[in-house]
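Peer 1: Just so it is clear, I am handing over model.txt, which has compact mmCIF, C-alpha atoms.
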```txt
# COMPACT_ATOMS: atom_id res chain seq x y z
CA MET A 1 -44.16 -33.24 -62.38
CA ASP A 2 -43.39 -29.60 -63.22
CA ILE A 3 -39.74 -29.53 -62.23
CA GLN A 4 -39.29 -25.86 -63.14
CA LYS A 5 -42.13 -24.87 -60.82
CA LEU A 6 -40.56 -26.88 -58.02
CA THR A 7 -37.08 -25.47 -58.50
CA ASN A 8 -38.44 -21.91 -58.61
CA THR A 9 -40.02 -22.46 -55.19
CA VAL A 10 -36.81 -24.01 -53.87
CA GLU A 11 -34.85 -20.96 -55.01
CA GLU A 12 -37.27 -18.64 -53.21
CA LEU A 13 -37.03 -20.65 -50.01
CA LEU A 14 -33.23 -20.65 -50.18
CA ALA A 15 -32.93 -16.92 -50.93
CA PRO A 16 -29.65 -15.47 -49.61
CA GLY A 17 -29.74 -14.61 -45.91
CA LYS A 18 -33.19 -16.08 -45.37
CA GLY A 19 -34.68 -19.14 -43.66
CA ILE A 20 -38.04 -20.68 -42.84
CA LEU A 21 -40.31 -20.09 -39.86
CA ALA A 22 -41.92 -23.30 -38.60
CA ALA A 23 -45.31 -22.11 -37.28
CA ASP A 24 -46.97 -25.49 -37.73
CA GLU A 25 -47.43 -26.52 -34.11
CA SER A 26 -50.17 -29.08 -33.60
CA SER A 27 -53.13 -28.19 -31.39
CA GLY A 28 -51.54 -29.99 -28.46
CA THR A 29 -48.13 -28.38 -28.88
CA ILE A 30 -49.37 -24.83 -29.16
CA LYS A 31 -51.65 -25.39 -26.17
CA ARG A 32 -48.61 -26.32 -24.10
CA ARG A 33 -46.81 -23.21 -25.27
CA PHE A 34 -49.81 -21.01 -24.52
CA ASP A 35 -50.17 -22.67 -21.12
CA SER A 36 -46.61 -21.59 -20.34
CA ILE A 37 -47.64 -17.92 -20.68
CA GLY A 38 -51.11 -18.28 -19.19
CA VAL A 39 -53.05 -17.83 -22.45
CA GLU A 40 -56.04 -19.94 -23.43
CA SER A 41 -55.51 -21.83 -26.69
CA THR A 42 -58.58 -20.65 -28.59
CA GLU A 43 -58.78 -20.42 -32.37
CA GLU A 44 -58.84 -16.63 -32.15
CA ASN A 45 -55.79 -16.48 -29.87
CA ARG A 46 -53.87 -18.85 -32.13
CA ARG A 47 -54.79 -16.71 -35.12
CA ASP A 48 -53.80 -13.49 -33.38
CA TYR A 49 -50.45 -14.89 -32.28
CA ARG A 50 -49.46 -16.23 -35.66
CA GLU A 51 -50.71 -13.19 -37.54
CA MET A 52 -48.63 -11.03 -35.22
CA LEU A 53 -45.52 -12.93 -36.32
CA PHE A 54 -46.41 -12.85 -40.01
CA ARG A 55 -46.95 -9.08 -39.94
CA ALA A 56 -43.84 -8.24 -37.92
CA PRO A 57 -42.10 -5.32 -39.66
CA GLY A 58 -38.93 -6.23 -41.53
CA VAL A 59 -38.98 -10.00 -40.95
CA SER A 60 -39.37 -10.80 -44.63
CA GLU A 61 -35.70 -9.76 -44.93
CA TYR A 62 -34.85 -12.91 -42.97
CA ILE A 63 -37.83 -15.25 -43.48
CA SER A 64 -38.43 -16.74 -46.94
CA GLY A 65 -41.31 -19.06 -46.09
CA VAL A 66 -43.61 -20.16 -43.27
CA ILE A 67 -44.82 -23.69 -42.50
CA LEU A 68 -48.46 -23.53 -41.43
CA PHE A 69 -50.79 -25.88 -39.58
CA ASP A 70 -53.99 -26.93 -41.38
CA GLU A 71 -56.09 -24.55 -39.26
CA THR A 72 -53.84 -21.58 -40.03
CA LEU A 73 -53.84 -22.10 -43.79
CA ARG A 74 -57.64 -21.87 -43.70
CA GLN A 75 -57.80 -18.80 -41.44
CA ASN A 76 -58.28 -15.16 -42.32
CA GLY A 77 -56.50 -12.38 -40.50
CA ALA A 78 -58.29 -9.90 -38.27
CA ASP A 79 -59.01 -7.71 -41.33
CA GLY A 80 -60.43 -10.61 -43.34
CA THR A 81 -57.32 -11.25 -45.48
CA PRO A 82 -56.42 -14.95 -45.80
CA LEU A 83 -53.27 -15.57 -43.79
CA SER A 84 -51.67 -17.24 -46.81
CA LYS A 85 -52.17 -13.97 -48.71
CA VAL A 86 -50.74 -11.99 -45.80
CA LEU A 87 -47.57 -14.01 -46.30
CA THR A 88 -47.41 -13.81 -50.09
CA ASP A 89 -48.11 -10.07 -50.03
CA ARG A 90 -45.06 -9.67 -47.80
CA GLY A 91 -42.82 -11.84 -49.97
CA MET A 92 -42.96 -15.05 -47.92
CA VAL A 93 -43.96 -18.46 -49.31
CA PRO A 94 -46.79 -20.32 -47.54
CA GLY A 95 -46.19 -23.96 -46.69
CA ILE A 96 -48.16 -26.66 -44.89
CA LYS A 97 -47.49 -29.50 -42.44
CA VAL A 98 -49.16 -32.62 -43.84
CA ASP A 99 -48.22 -35.52 -41.57
CA LYS A 100 -50.68 -36.76 -38.96
CA GLY A 101 -48.28 -37.33 -36.09
CA THR A 102 -46.59 -40.44 -34.75
CA GLN A 103 -47.65 -43.84 -33.47
CA ALA A 104 -45.68 -46.71 -31.96
CA ILE A 105 -44.09 -49.14 -34.41
CA PRO A 106 -45.60 -52.58 -33.73
CA GLY A 107 -43.07 -54.89 -32.15
CA SER A 108 -40.44 -52.17 -31.84
CA PRO A 109 -40.51 -50.74 -28.29
CA GLY A 110 -39.51 -47.09 -28.00
CA GLU A 111 -39.72 -46.39 -31.73
CA LEU A 112 -42.23 -44.32 -33.68
CA MET A 113 -43.58 -44.11 -37.19
CA THR A 114 -45.32 -41.15 -38.80
CA GLU A 115 -48.82 -41.48 -40.22
CA GLY A 116 -50.79 -39.48 -42.79
CA LEU A 117 -50.32 -41.06 -46.21
CA ASP A 118 -53.98 -42.08 -46.51
CA GLY A 119 -55.78 -39.43 -48.54
CA LEU A 120 -52.62 -37.33 -48.89
CA ARG A 121 -52.94 -36.87 -52.67
CA ASP A 122 -56.33 -35.20 -52.28
CA ARG A 123 -55.19 -33.11 -49.32
CA LEU A 124 -52.16 -31.85 -51.24
CA ASN A 125 -54.31 -30.77 -54.16
CA GLU A 126 -56.60 -28.93 -51.74
CA TYR A 127 -53.66 -27.28 -49.97
CA ALA A 128 -52.24 -26.15 -53.31
CA GLY A 129 -55.60 -24.50 -54.04
CA LEU A 130 -55.38 -22.71 -50.68
CA GLY A 131 -51.98 -21.25 -51.61
CA ALA A 132 -49.44 -23.72 -50.16
CA ARG A 133 -46.34 -24.11 -52.31
CA PHE A 134 -44.29 -26.39 -50.09
CA ALA A 135 -45.00 -29.00 -47.43
CA LYS A 136 -43.37 -30.75 -44.49
CA TRP A 137 -43.45 -34.30 -43.12
CA ARG A 138 -41.59 -35.16 -39.91
CA ALA A 139 -40.18 -38.56 -39.03
CA VAL A 140 -38.85 -39.20 -35.52
CA ILE A 141 -35.75 -41.29 -34.85
CA THR A 142 -34.85 -42.03 -31.22
CA ILE A 143 -31.37 -42.96 -30.02
CA GLY A 144 -31.35 -45.49 -27.19
CA ASP A 145 -30.31 -48.99 -26.18
CA SER A 146 -30.34 -51.04 -29.41
CA ILE A 147 -32.33 -48.38 -31.26
CA PRO A 148 -32.90 -47.14 -33.86
CA THR A 149 -33.52 -50.47 -35.54
CA SER A 150 -33.35 -51.02 -39.27
CA ARG A 151 -37.13 -51.52 -39.19
CA CYS A 152 -37.60 -48.00 -37.80
CA LEU A 153 -35.33 -46.43 -40.40
CA ASP A 154 -37.00 -48.34 -43.23
CA VAL A 155 -40.58 -47.54 -42.18
CA ASN A 156 -39.94 -43.85 -41.70
CA ALA A 157 -37.75 -43.36 -44.77
CA HIS A 158 -40.32 -45.14 -46.95
CA ALA A 159 -43.11 -42.87 -45.70
CA LEU A 160 -40.98 -39.76 -46.24
CA ALA A 161 -40.24 -40.84 -49.81
CA ARG A 162 -43.87 -41.62 -50.66
CA TYR A 163 -44.93 -38.25 -49.20
CA ALA A 164 -42.24 -36.45 -51.22
CA ALA A 165 -43.29 -38.10 -54.47
CA LEU A 166 -46.93 -37.14 -53.90
CA CYS A 167 -45.92 -33.54 -53.15
CA GLN A 168 -43.96 -33.21 -56.37
CA GLU A 169 -46.86 -34.67 -58.33
CA ALA A 170 -49.04 -31.87 -56.89
CA GLY A 171 -46.49 -29.16 -57.72
CA ILE A 172 -45.56 -28.72 -54.05
CA VAL A 173 -41.95 -28.77 -52.83
CA PRO A 174 -41.49 -31.44 -50.15
CA ILE A 175 -39.42 -30.69 -47.10
CA VAL A 176 -38.17 -34.07 -45.90
CA GLU A 177 -37.63 -34.04 -42.12
CA PRO A 178 -35.91 -37.04 -40.53
CA GLU A 179 -35.40 -35.76 -36.99
CA VAL A 180 -32.88 -37.65 -34.90
CA LEU A 181 -33.89 -36.64 -31.40
CA MET A 182 -31.28 -35.16 -29.11
CA ASP A 183 -32.94 -36.70 -26.04
CA GLY A 184 -30.57 -38.97 -24.16
CA GLU A 185 -27.08 -39.45 -22.78
CA HIS A 186 -25.41 -40.43 -26.08
CA ASP A 187 -22.24 -38.71 -27.22
CA ILE A 188 -21.80 -36.85 -30.51
CA ASP A 189 -20.16 -39.85 -32.22
CA ARG A 190 -23.24 -41.99 -31.59
CA CYS A 191 -25.43 -39.19 -32.98
CA ASP A 192 -23.16 -38.98 -36.02
CA GLU A 193 -23.54 -42.72 -36.63
CA VAL A 194 -27.34 -42.61 -36.37
CA ASN A 195 -27.68 -39.50 -38.53
CA GLU A 196 -25.58 -41.04 -41.29
CA ALA A 197 -27.56 -44.31 -41.23
CA THR A 198 -30.82 -42.36 -41.29
CA LEU A 199 -29.83 -40.10 -44.16
CA ARG A 200 -28.47 -42.96 -46.25
CA GLU A 201 -31.77 -44.83 -45.89
CA VAL A 202 -33.84 -41.72 -46.62
CA PHE A 203 -32.03 -40.91 -49.85
CA ALA A 204 -32.13 -44.55 -50.95
CA GLN A 205 -35.90 -44.55 -50.51
CA LEU A 206 -36.27 -41.17 -52.25
CA SER A 207 -34.45 -42.64 -55.24
CA ARG A 208 -36.75 -45.68 -55.31
CA GLN A 209 -39.82 -43.44 -55.31
CA GLY A 210 -38.53 -41.31 -58.18
CA VAL A 211 -38.25 -38.07 -56.19
CA ALA A 212 -36.39 -35.29 -58.03
CA LEU A 213 -33.71 -34.16 -55.59
CA GLU A 214 -33.44 -30.71 -57.18
CA GLY A 215 -37.11 -30.12 -56.32
CA MET A 216 -36.95 -30.85 -52.57
CA LEU A 217 -35.33 -29.67 -49.36
CA LEU A 218 -33.93 -31.60 -46.40
CA LYS A 219 -34.81 -30.63 -42.81
CA PRO A 220 -32.48 -32.68 -40.61
CA SER A 221 -31.08 -32.51 -37.13
CA MET A 222 -27.58 -31.26 -36.54
CA VAL A 223 -25.12 -33.81 -35.21
CA LEU A 224 -25.21 -33.10 -31.47
CA SER A 225 -24.43 -34.68 -28.15
CA GLY A 226 -27.48 -35.92 -26.28
CA ASN A 227 -29.10 -33.30 -24.07
CA LYS A 228 -28.20 -35.38 -20.99
CA ALA A 229 -24.66 -36.24 -22.08
CA SER A 230 -22.02 -35.72 -19.40
CA ASP A 231 -19.66 -33.87 -21.75
CA ARG A 232 -21.50 -32.14 -24.58
CA ALA A 233 -19.57 -31.25 -27.73
CA CYS A 234 -18.77 -27.61 -28.49
CA ALA A 235 -20.12 -25.71 -31.48
CA GLU A 236 -16.95 -26.17 -33.51
CA GLU A 237 -17.22 -29.96 -33.18
CA VAL A 238 -20.93 -29.80 -34.03
CA GLY A 239 -20.00 -28.01 -37.25
CA GLU A 240 -17.29 -30.51 -38.14
CA LYS A 241 -19.39 -33.59 -37.38
CA THR A 242 -22.54 -32.29 -39.06
CA VAL A 243 -20.86 -31.27 -42.30
CA GLY A 244 -18.76 -34.43 -42.36
CA CYS A 245 -21.84 -36.59 -41.91
CA PHE A 246 -23.67 -34.82 -44.72
CA MET A 247 -20.69 -35.00 -47.08
CA ARG A 248 -20.83 -38.80 -46.68
CA SER A 249 -24.60 -39.23 -46.99
CA VAL A 250 -26.38 -36.33 -48.75
CA PRO A 251 -26.24 -36.11 -52.57
CA ALA A 252 -24.90 -32.88 -54.04
CA ALA A 253 -27.95 -32.67 -56.34
CA MET A 254 -30.14 -31.88 -53.34
CA PRO A 255 -29.97 -28.06 -53.25
CA GLY A 256 -30.54 -27.07 -49.64
CA VAL A 257 -30.65 -28.05 -45.99
CA VAL A 258 -32.94 -26.17 -43.61
CA PHE A 259 -31.98 -27.31 -40.12
CA LEU A 260 -34.52 -27.84 -37.36
CA SER A 261 -33.66 -26.45 -33.96
CA GLY A 262 -34.78 -29.69 -32.32
CA GLY A 263 -34.87 -28.79 -28.65
CA GLN A 264 -31.79 -26.59 -28.69
CA ALA A 265 -31.95 -23.33 -26.74
CA ASP A 266 -32.32 -20.16 -28.83
CA ASP A 267 -28.67 -19.19 -28.60
CA GLU A 268 -27.41 -22.77 -29.03
CA ALA A 269 -29.34 -23.21 -32.28
CA ILE A 270 -27.82 -20.02 -33.65
CA VAL A 271 -24.25 -20.67 -32.51
CA ASN A 272 -24.33 -24.20 -33.92
CA LEU A 273 -25.83 -23.07 -37.25
CA ASN A 274 -23.04 -20.53 -37.53
CA ALA A 275 -20.41 -23.20 -36.84
CA VAL A 276 -21.97 -25.51 -39.46
CA ASN A 277 -21.82 -22.78 -42.10
CA LEU A 278 -18.24 -21.88 -41.25
CA ARG A 279 -17.22 -25.52 -41.61
CA ALA A 280 -19.20 -25.90 -44.84
CA ALA A 281 -17.34 -22.94 -46.33
CA GLN A 282 -13.99 -24.46 -45.33
CA VAL A 283 -14.66 -27.76 -47.10
CA GLY A 284 -16.69 -26.45 -50.03
CA ALA A 285 -19.95 -28.20 -49.15
CA PRO A 286 -22.31 -28.15 -52.16
CA TRP A 287 -25.57 -27.20 -50.43
CA VAL A 288 -27.14 -24.05 -49.04
CA LEU A 289 -27.30 -24.56 -45.25
CA SER A 290 -30.15 -22.56 -43.77
CA TYR A 291 -32.74 -22.86 -40.99
CA SER A 292 -36.33 -23.91 -40.47
CA TYR A 293 -36.74 -22.98 -36.83
CA GLY A 294 -39.83 -23.09 -34.67
CA ARG A 295 -39.12 -22.69 -30.98
CA ALA A 296 -35.72 -21.06 -31.57
CA LEU A 297 -37.48 -18.20 -33.39
CA GLN A 298 -40.67 -18.12 -31.33
CA ALA A 299 -39.73 -18.58 -27.67
CA ALA A 300 -38.72 -14.93 -27.18
CA PRO A 301 -41.72 -13.33 -28.97
CA LEU A 302 -44.15 -15.73 -27.29
CA LYS A 303 -42.92 -14.70 -23.86
CA ALA A 304 -42.92 -11.01 -24.79
CA TRP A 305 -46.48 -11.21 -26.15
CA SER A 306 -48.10 -13.12 -23.27
CA GLY A 307 -51.48 -12.74 -24.93
CA GLN A 308 -51.63 -8.97 -24.45
CA ALA A 309 -52.45 -6.63 -27.35
CA ALA A 310 -50.29 -3.97 -25.68
CA ASN A 311 -47.26 -6.24 -26.08
CA VAL A 312 -47.56 -6.86 -29.83
CA GLU A 313 -44.86 -4.39 -30.84
CA ALA A 314 -42.39 -5.75 -28.27
CA ALA A 315 -43.13 -9.31 -29.38
CA GLN A 316 -42.61 -8.42 -33.04
CA GLN A 317 -39.31 -6.77 -32.19
CA ALA A 318 -38.22 -9.91 -30.32
CA PHE A 319 -39.13 -12.05 -33.33
CA HIS A 320 -37.24 -9.71 -35.64
CA ARG A 321 -34.14 -10.01 -33.43
CA ARG A 322 -34.19 -13.81 -33.45
CA ALA A 323 -34.72 -13.88 -37.22
CA MET A 324 -31.87 -11.41 -37.77
CA LEU A 325 -29.47 -13.46 -35.65
CA SER A 326 -30.49 -16.69 -37.41
CA SER A 327 -29.84 -14.99 -40.74
CA ALA A 328 -26.36 -13.98 -39.61
CA ALA A 329 -25.64 -17.57 -38.54
CA ARG A 330 -26.90 -18.89 -41.87
CA GLN A 331 -24.16 -16.78 -43.45
CA GLY A 332 -21.47 -17.76 -40.94
CA ALA A 333 -21.40 -14.15 -39.76
CA TYR A 334 -22.80 -14.46 -36.24
CA VAL A 335 -20.76 -13.31 -33.24
CA PRO A 336 -22.05 -13.32 -29.64
CA GLU A 337 -21.66 -9.55 -29.39
CA MET A 338 -24.66 -9.24 -31.72
CA GLU A 339 -26.92 -10.33 -28.87
CA LYS A 340 -25.78 -7.40 -26.75
CA GLU A 341 -25.93 -4.94 -29.64
CA LEU A 342 -29.56 -5.85 -30.39
CA THR A 343 -30.74 -5.77 -26.78
CA GLY A 344 -28.73 -2.75 -25.79
CA VAL A 345 -27.06 -4.61 -22.91
```
As a first step, turn the structure in this file into structure tokens.
Peer 2:
Amino acid sequence: MDIQKLTNTVEELLAPGKGILAADESSGTIKRRFDSIGVESTEENRRDYREMLFRAPGVSEYISGVILFDETLRQNGADGTPLSKVLTDRGMVPGIKVDKGTQAIPGSPGELMTEGLDGLRDRLNEYAGLGARFAKWRAVITIGDSIPTSRCLDVNAHALARYAALCQEAGIVPIVEPEVLMDGEHDIDRCDEVNEATLREVFAQLSRQGVALEGMLLKPSMVLSGNKASDRACAEEVGEKTVGCFMRSVPAAMPGVVFLSGGQADDEAIVNLNAVNLRAAQVGAPWVLSYSYGRALQAAPLKAWSGQAANVEAAQQAFHRRAMLSSAARQGAYVPEMEKELTGV
């Protein structure tokens, strides 16, 4: 393990005012998003859409790295330049999603485990040769009646830790993503309880697998009320609960947290990230708290683009706006008036 190489990449990804774009949608997910705007999900259209985001003027001020799907890492841009080089030339670090999706846990109804460890060592070495310097593996934790079970937490945390160890062996920074889904009617206290249990198990397994905490990043959920809860918690409470949960369960040696947006609306993800950073500053939290957003950064530019070459500039401007607002929230400097200032409303 080259720890200096890993920590250098971590520092780049956590650069002040910047976060990560998650552009690693699976074939099925991006098809659904393209269907929503009436665009066929062909390889060329997927390439054009993602290249449009990567080349958006000024976004490298707010985006430090981009998580890619396997197809994208292997693609060239319209001018023949590898998309990984498009990113590095613009000061953004290429990353890669390496998990193979989820399957049901045997004997555990309603719970999922993530697959993809078979052959991962060889894939990581190949991805490193293609320019990837960090990776991501997502585990899914569902809150429901009598779940998550300890079996679910153990299976998923163990896989995350084995993935992380293999990444570091290959010189690739692992982003460890234990996503506690916000689907359901649970209140914020139940989410807090599940997040803490999940994080404690994840870091216990990371320790057992010999993962160097200073050479990794955490991509967790915020502590939120369920999306169907009758009385959803406000942003201030989200900030308090999230930071409190992390102070109890995340080691200080782990340098940075890059939150997922996890089904939150664009503005909700930004307001809550801002509240988390304000609370972290109040209590002196030891980590950088940034973002690794997919839909929260892409929903607006996707709609503006709608598959039309004539809309590229408008879509890039929409992406730039969302990235700028996310950057402000990452610094605890977001105020709602910024939305109006940027749109001219």
Peer 1: Set the distance at 8 Å and use all atoms listed in the file: which residues neighbour Asn195 of chain A once local chain neighbours fewer than 4 positions away are removed? I'd like the list as a PyMOL selection string.
Peer 2: chain A and resi 180+191+199+221+223+245
Peer 1: Using all atoms listed in the file, I'd like a table of the residues in segment 195-262 of chain A that come within 12 Å of segment 19-31 of chain A; for each, show the closest atom pair and its distance in Å rounded to one decimal, ordered by chain and ascending number, as JSON lines.
Peer 2:
```
{"residue": "A:Leu217", "atom": "CA", "partner": "A:Ile20", "partner_atom": "CA", "distance": 11.4}
{"residue": "A:Lys219", "atom": "CA", "partner": "A:Ile20", "partner_atom": "CA", "distance": 10.5}
{"residue": "A:Gly256", "atom": "CA", "partner": "A:Gly19", "partner_atom": "CA", "distance": 10.8}
{"residue": "A:Val257", "atom": "CA", "partner": "A:Gly19", "partner_atom": "CA", "distance": 10.1}
{"residue": "A:Val258", "atom": "CA", "partner": "A:Gly19", "partner_atom": "CA", "distance": 7.2}
{"residue": "A:Phe259", "atom": "CA", "partner": "A:Gly19", "partner_atom": "CA", "distance": 9.3}
{"residue": "A:Leu260", "atom": "CA", "partner": "A:Ala22", "partner_atom": "CA", "distance": 8.8}
{"residue": "A:Ser261", "atom": "CA", "partner": "A:Ala22", "partner_atom": "CA", "distance": 10.0}
{"residue": "A:Gly262", "atom": "CA", "partner": "A:Ala22", "partner_atom": "CA", "distance": 11.5}
```
Peer 1: Restrict the selected residues to C-alpha atoms and save them as a PDB file, keeping the file's coordinate frame.
Peer 2:
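The result, stored in selection04.pdb:
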```pdb
ATOM      1  CA  LEU A 217     -35.330 -29.670 -49.360  1.00  0.00           C
ATOM      2  CA  LYS A 219     -34.810 -30.630 -42.810  1.00  0.00           C
ATOM      3  CA  GLY A 256     -30.540 -27.070 -49.640  1.00  0.00           C
ATOM      4  CA  VAL A 257     -30.650 -28.050 -45.990  1.00  0.00           C
ATOM      5  CA  VAL A 258     -32.940 -26.170 -43.610  1.00  0.00           C
ATOM      6  CA  PHE A 259     -31.980 -27.310 -40.120  1.00  0.00           C
ATOM      7  CA  LEU A 260     -34.520 -27.840 -37.360  1.00  0.00           C
ATOM      8  CA  SER A 261     -33.660 -26.450 -33.960  1.00  0.00           C
ATOM      9  CA  GLY A 262     -34.780 -29.690 -32.320  1.00  0.00           C
TER      10      GLY A 262
END
```
Peer 1: List every protein, DNA or RNA residue that has an atom no more than 9 Å from (-37.6, -4.8, -33.8) in the file's coordinate frame, counting all atoms listed in the file, and report them as a VMD selection string.
Peer 2: chain A and resid 56 to 59 313 to 321 342
Peer 1: Hey, which of A:Gly215, A:Asp79, A:Arg208, A:Phe34 ends up closest to Lys5 of chain A? Count all atoms listed in the file.
Peer 2: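 Under the stated criterion, the closest residue is A:Gly215.
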Peer 1: Determine the nearest neighbour of Ser249 of chain A from the options A:Ile63, A:Ala170, A:Ala197, A:Leu53, counting only C-alpha atoms.
Peer 2: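 Of A:Ile63, A:Ala170, A:Ala197, A:Leu53, the one nearest Ser249 of chain A, counting only C-alpha atoms, is A:Ala197.
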Peer 1: If we count only C-alpha atoms and set the cut-off at 10 Å, which residues sit around Arg190 of chain A, ignoring sequence neighbours fewer than 4 positions away in its own chain? Please answer as a list in words.
Peer 2: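 Those residues are Ile143, Gly144, Glu185, His186, Val194, Asn195, Val223, Leu224, Ser225 and Gly226 of chain A.
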Peer 1: What's the separation between atom CA of Pro220 of chain A and atom CA of Asn125 of chain A, in Å to one decimal place?
Peer 2: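 Atom-to-atom, atom CA of Pro220 of chain A and atom CA of Asn125 of chain A are spaced 25.8 Å apart.
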Peer 1: Measure the distance from atom CA of Val211 of chain A to atom CA of Arg151 of chain A in Å and round it to one decimal.
Peer 2: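 Between atom CA of Val211 of chain A and atom CA of Arg151 of chain A the gap works out to 21.7 Å.
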Peer 1: Which of these residues is nearest to Phe134 of chain A, using only C-alpha atoms: A:Ala159, A:Met216, A:Val202, A:Leu117?
Peer 2: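 Among the listed residues, A:Met216 lies closest to Phe134 of chain A.
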Peer 1: Tell me which protein, DNA and RNA residues are within 10 Å of Trp305 of chain A, counting only C-alpha atoms, leaving out same-chain ones fewer than 2 positions away, and put them as an mmCIF file with C-alpha atoms, in the coordinates of the input.
Peer 2:
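Written out: around.cif:
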```cif
data_model
loop_
_atom_site.group_PDB
_atom_site.id
_atom_site.type_symbol
_atom_site.label_atom_id
_atom_site.label_comp_id
_atom_site.auth_asym_id
_atom_site.auth_seq_id
_atom_site.Cartn_x
_atom_site.Cartn_y
_atom_site.Cartn_z
ATOM 1 C CA ILE A 37 -47.640 -17.920 -20.680
ATOM 2 C CA TYR A 49 -50.450 -14.890 -32.280
ATOM 3 C CA MET A 52 -48.630 -11.030 -35.220
ATOM 4 C CA ALA A 300 -38.720 -14.930 -27.180
ATOM 5 C CA PRO A 301 -41.720 -13.330 -28.970
ATOM 6 C CA LEU A 302 -44.150 -15.730 -27.290
ATOM 7 C CA LYS A 303 -42.920 -14.700 -23.860
ATOM 8 C CA GLY A 307 -51.480 -12.740 -24.930
ATOM 9 C CA GLN A 308 -51.630 -8.970 -24.450
ATOM 10 C CA ALA A 309 -52.450 -6.630 -27.350
ATOM 11 C CA ALA A 310 -50.290 -3.970 -25.680
ATOM 12 C CA ASN A 311 -47.260 -6.240 -26.080
ATOM 13 C CA VAL A 312 -47.560 -6.860 -29.830
ATOM 14 C CA GLU A 313 -44.860 -4.390 -30.840
ATOM 15 C CA ALA A 314 -42.390 -5.750 -28.270
ATOM 16 C CA ALA A 315 -43.130 -9.310 -29.380
ATOM 17 C CA GLN A 316 -42.610 -8.420 -33.040
ATOM 18 C CA ALA A 318 -38.220 -9.910 -30.320
#
```
Peer 1: I need the residue nearest Glu196 of chain A from this list: A:Met222, A:Val98, A:Val276, A:Leu87. Use only C-alpha atoms for the distance.
Peer 2: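 Comparing A:Met222, A:Val98, A:Val276, A:Leu87 against Glu196 of chain A, the winner is A:Met222.
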Peer 1: Need to verify the contact set: segment 227-229 of chain A, 9 Å, all atoms listed in the file, exclusion of same-chain residues closer than 4 positions in sequence. Can you return it as a ChimeraX atom specification?
Peer 2: /A:182-188,263-264
Peer 1: Record the distance separating atom CA of Leu325 of chain A and atom CA of Met338 of chain A, expressed in Å with one decimal.
Peer 2: 7.5 Å
